[in-house]
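J.: As input, take coords17.pdb (PDB, C-alpha atoms, pLDDT in the B column):
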ATOM      1  CA  MET A 194     -20.134  18.389  -5.779  1.00 43.00           C
ATOM      2  CA  LYS A 195     -18.421  15.232  -4.512  1.00 44.00           C
ATOM      3  CA  SER A 196     -15.535  15.789  -6.956  1.00 43.00           C
ATOM      4  CA  LEU A 197     -15.112  19.346  -5.693  1.00 37.00           C
ATOM      5  CA  ILE A 198     -14.875  18.162  -2.092  1.00 39.00           C
ATOM      6  CA  ILE A 199     -12.316  15.497  -3.003  1.00 41.00           C
ATOM      7  CA  ALA A 200     -10.297  18.006  -5.049  1.00 39.00           C
ATOM      8  CA  SER A 201     -10.324  20.383  -2.074  1.00 37.00           C
ATOM      9  CA  LEU A 202      -9.111  17.648   0.245  1.00 39.00           C
ATOM     10  CA  MET A 203      -6.316  16.808  -2.158  1.00 40.00           C
ATOM     11  CA  PHE A 204      -5.270  20.457  -2.459  1.00 37.00           C
ATOM     12  CA  PHE A 205      -5.266  21.251   1.251  1.00 38.00           C
ATOM     13  CA  SER A 206      -3.904  17.926   2.543  1.00 43.00           C
ATOM     14  CA  SER A 207      -0.434  16.490   2.468  1.00 46.00           C
ATOM     15  CA  PRO A 208      -0.118  12.925   1.093  1.00 45.00           C
ATOM     16  CA  ASP A 209       0.211  11.709   4.682  1.00 43.00           C
ATOM     17  CA  GLU A 210      -3.149  13.222   5.643  1.00 44.00           C
ATOM     18  CA  LEU A 211      -5.042  12.101   2.556  1.00 46.00           C
ATOM     19  CA  VAL A 212      -6.695   8.830   3.466  1.00 48.00           C
ATOM     20  CA  THR A 213      -9.329   8.452   0.764  1.00 46.00           C
ATOM     21  CA  ALA A 214      -9.712   9.954  -2.672  1.00 43.00           C
ATOM     22  CA  ASP A 215     -12.391   7.958  -4.433  1.00 47.00           C
ATOM     23  CA  ASN A 216     -15.665   6.126  -3.891  1.00 51.00           C
ATOM     24  CA  ASN A 217     -13.817   2.906  -2.996  1.00 63.00           C
ATOM     25  CA  ASN A 218     -12.302   4.489   0.142  1.00 82.00           C
ATOM     26  CA  PHE A 219      -8.827   3.144  -0.573  1.00 90.00           C
ATOM     27  CA  VAL A 220      -5.896   4.296   1.526  1.00 92.00           C
ATOM     28  CA  TYR A 221      -3.038   5.560  -0.651  1.00 96.00           C
ATOM     29  CA  THR A 222      -0.011   5.952   1.650  1.00 97.00           C
ATOM     30  CA  VAL A 223       1.936   3.727   4.019  1.00 98.00           C
ATOM     31  CA  SER A 224       1.508   6.275   6.796  1.00 97.00           C
ATOM     32  CA  ALA A 225      -2.285   6.318   6.392  1.00 96.00           C
ATOM     33  CA  SER A 226      -2.330   2.492   6.205  1.00 96.00           C
ATOM     34  CA  LYS A 227      -0.936   2.340   9.712  1.00 96.00           C
ATOM     35  CA  LYS A 228      -3.799   4.501  11.057  1.00 95.00           C
ATOM     36  CA  VAL A 229      -6.844   2.648   9.679  1.00 95.00           C
ATOM     37  CA  GLU A 230      -8.641  -0.428  10.950  1.00 94.00           C
ATOM     38  CA  VAL A 231      -7.792  -3.982   9.962  1.00 96.00           C
ATOM     39  CA  GLY A 232      -9.646  -4.892   6.769  1.00 96.00           C
ATOM     40  CA  HIS A 233      -9.396  -1.429   5.195  1.00 96.00           C
ATOM     41  CA  GLU A 234      -8.438  -1.540   1.521  1.00 97.00           C
ATOM     42  CA  VAL A 235      -5.199   0.028   0.333  1.00 97.00           C
ATOM     43  CA  ARG A 236      -3.642   0.932  -2.994  1.00 97.00           C
ATOM     44  CA  LEU A 237       0.012   1.880  -2.497  1.00 98.00           C
ATOM     45  CA  THR A 238       2.703   2.885  -4.989  1.00 98.00           C
ATOM     46  CA  GLY A 239       6.315   2.428  -3.969  1.00 98.00           C
ATOM     47  CA  TYR A 240       8.882  -0.335  -3.998  1.00 98.00           C
ATOM     48  CA  ILE A 241      10.091  -3.388  -2.126  1.00 97.00           C
ATOM     49  CA  LYS A 242      13.210  -2.610  -0.108  1.00 97.00           C
ATOM     50  CA  LYS A 243      13.950  -6.084   1.182  1.00 96.00           C
ATOM     51  CA  SER A 244      12.706  -9.664   1.420  1.00 94.00           C
ATOM     52  CA  MET A 245      12.124 -10.718   5.006  1.00 94.00           C
ATOM     53  CA  GLY A 246      11.527 -14.397   4.168  1.00 91.00           C
ATOM     54  CA  ASP A 247       8.330 -16.429   4.494  1.00 89.00           C
ATOM     55  CA  SER A 248       6.549 -14.362   1.770  1.00 93.00           C
ATOM     56  CA  THR A 249       6.999 -11.135   3.752  1.00 95.00           C
ATOM     57  CA  TYR A 250       8.633  -8.028   2.285  1.00 96.00           C
ATOM     58  CA  LEU A 251       9.473  -4.540   3.487  1.00 98.00           C
ATOM     59  CA  PHE A 252       7.587  -2.042   1.288  1.00 98.00           C
ATOM     60  CA  HIS A 253       8.429   1.669   1.095  1.00 98.00           C
ATOM     61  CA  ASP A 254       6.694   4.772  -0.236  1.00 98.00           C
ATOM     62  CA  GLU A 255       7.358   8.485   0.307  1.00 97.00           C
ATOM     63  CA  THR A 256       5.661   8.341   3.737  1.00 98.00           C
ATOM     64  CA  GLY A 257       7.401   5.346   5.290  1.00 98.00           C
ATOM     65  CA  ASN A 258       7.802   1.573   5.471  1.00 98.00           C
ATOM     66  CA  ILE A 259       5.363  -1.264   6.102  1.00 98.00           C
ATOM     67  CA  TYR A 260       5.562  -5.025   5.864  1.00 97.00           C
ATOM     68  CA  ILE A 261       3.559  -6.701   3.118  1.00 97.00           C
ATOM     69  CA  LYS A 262       2.561 -10.353   2.818  1.00 97.00           C
ATOM     70  CA  VAL A 263       2.452 -11.767  -0.717  1.00 96.00           C
ATOM     71  CA  ASP A 264       1.421 -15.265  -1.826  1.00 88.00           C
ATOM     72  CA  GLU A 265       4.407 -17.547  -2.377  1.00 79.00           C
ATOM     73  CA  GLY A 266       5.997 -17.061  -5.789  1.00 81.00           C
ATOM     74  CA  TYR A 267       3.862 -14.088  -6.875  1.00 85.00           C
ATOM     75  CA  ILE A 268       6.812 -11.663  -6.785  1.00 85.00           C
ATOM     76  CA  SER A 269       9.066 -13.990  -8.769  1.00 83.00           C
ATOM     77  CA  ARG A 270       6.378 -14.807 -11.374  1.00 89.00           C
ATOM     78  CA  LEU A 271       5.967 -11.091 -12.025  1.00 89.00           C
ATOM     79  CA  GLN A 272       9.763 -10.682 -12.021  1.00 91.00           C
ATOM     80  CA  VAL A 273       9.612  -7.765  -9.595  1.00 91.00           C
ATOM     81  CA  GLU A 274      13.064  -6.543  -8.587  1.00 92.00           C
ATOM     82  CA  LEU A 275      14.002  -4.744  -5.372  1.00 93.00           C
ATOM     83  CA  TYR A 276      13.550  -0.958  -5.691  1.00 96.00           C
ATOM     84  CA  GLU A 277      11.414  -1.350  -8.844  1.00 96.00           C
ATOM     85  CA  GLN A 278       8.317   0.852  -8.630  1.00 97.00           C
ATOM     86  CA  ILE A 279       5.108  -1.125  -8.194  1.00 97.00           C
ATOM     87  CA  THR A 280       1.513  -0.541  -7.152  1.00 97.00           C
ATOM     88  CA  ILE A 281       0.006  -2.976  -4.690  1.00 97.00           C
ATOM     89  CA  ARG A 282      -3.613  -3.499  -3.768  1.00 97.00           C
ATOM     90  CA  GLY A 283      -4.668  -5.321  -0.638  1.00 97.00           C
ATOM     91  CA  LYS A 284      -6.068  -5.060   2.854  1.00 97.00           C
ATOM     92  CA  VAL A 285      -4.647  -3.954   6.162  1.00 97.00           C
ATOM     93  CA  ASP A 286      -4.029  -6.825   8.559  1.00 97.00           C
ATOM     94  CA  SER A 287      -2.354  -7.120  11.923  1.00 95.00           C
ATOM     95  CA  ASN A 288       0.590  -9.298  12.930  1.00 88.00           C
ATOM     96  CA  TRP A 289       1.703  -9.274  16.574  1.00 87.00           C
ATOM     97  CA  GLY A 290       0.223  -5.796  17.068  1.00 87.00           C
ATOM     98  CA  SER A 291       1.818  -4.225  13.971  1.00 93.00           C
ATOM     99  CA  LYS A 292      -0.005  -3.358  10.774  1.00 96.00           C
ATOM    100  CA  ILE A 293       0.846  -5.402   7.678  1.00 98.00           C
ATOM    101  CA  ILE A 294      -0.643  -5.360   4.183  1.00 98.00           C
ATOM    102  CA  ASP A 295      -2.083  -8.606   2.825  1.00 97.00           C
ATOM    103  CA  VAL A 296      -1.447  -8.079  -0.899  1.00 97.00           C
ATOM    104  CA  GLU A 297      -4.082  -9.223  -3.410  1.00 96.00           C
ATOM    105  CA  LYS A 298      -2.672  -7.649  -6.610  1.00 95.00           C
ATOM    106  CA  ILE A 299       0.639  -6.222  -7.782  1.00 95.00           C
ATOM    107  CA  ARG A 300       1.408  -4.342 -10.956  1.00 95.00           C
ATOM    108  CA  LYS A 301       4.580  -2.745 -12.224  1.00 94.00           C
ATOM    109  CA  THR A 302       4.261   0.999 -12.755  1.00 90.00           C
TER     110      THR A 302
END
Could you show the structure in this file as structure tokens?
T.:
Amino acid sequence: MKSLIIASLMFFSSPDELVTADNNNFVYTVSASKKVEVGHEVRLTGYIKKSMGDSTYLFHDETGNIYIKVDEGYISRLQVELYEQITIRGKVDSNWGSKIIDVEKIRKT
């Protein structure tokens, strides 16, 4: 029954409206990430558009842009290039009133 409800949500919702799709309650889009509370878990697929310095990057998916914070050197150790598709996992945080993603894991997709 739970799978049917989730499938229905996925069918009738745009990616921007779909906030959760599994038992872990992850957020899957940048747009949805900006609407949830600090501490909410996210799993986003997109790419890094630009390095902002100080371990902060501008991340983009089909719904928009958001800043992500990554531990020093993690991007270079993984050899992630700008505009290379990746999936990030982390938690929503706040920085000067704007939402930012504190990244815990990155994988190339």
J.: Atom CA of Ser248 of chain A and atom CA of Asn288 of chain A are how many Å apart?
T.: 13.6 Å
J.: Please evaluate the PyMOL selection byres ((chain A and resi 249) around 10) against the structure above and give the resulting residues as an MDAnalysis selection string.
T.: chainID A and resid 243:248 250:252 260:265 293:295
J.: Which residues, written as a list of chain:residue names, have at least one atom at most 8 Å from Val285 of chain A, with all atoms listed in the file counted and residues fewer than 2 positions away on the same chain left out?
T.: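 My reading of the contact set: A:Ser226, A:Val229, A:Glu230, A:Val231, A:Gly232, A:His233, A:Glu234, A:Val235, A:Gly283, A:Ser287, A:Lys292, A:Ile293, A:Ile294, A:Asp295.
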J.: Let me know the residues the PyMOL selection byres ((chain A and resi 280) around 7) catches in the file above, as a list in words.
T.: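 On the file shown, the PyMOL selection byres ((chain A and resi 280) around 7) covers Arg236, Leu237, Thr238, Gly239, Ile279, Ile281, Arg282, Ile299, Arg300, Lys301 and Thr302 of chain A.
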J.: Suppose you want the space between atom CA of Thr222 of chain A and atom CA of Glu255 of chain A; what is it in Å?
T.: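 We find that atom CA of Thr222 of chain A and atom CA of Glu255 of chain A lie 7.9 Å from each other.
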J.: Quick check, in Å to one decimal: how far apart do atom CA of His253 of chain A and atom CA of Tyr276 of chain A lie?
T.: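 Value for the atom CA of His253 of chain A-atom CA of Tyr276 of chain A distance: 8.9 Å.
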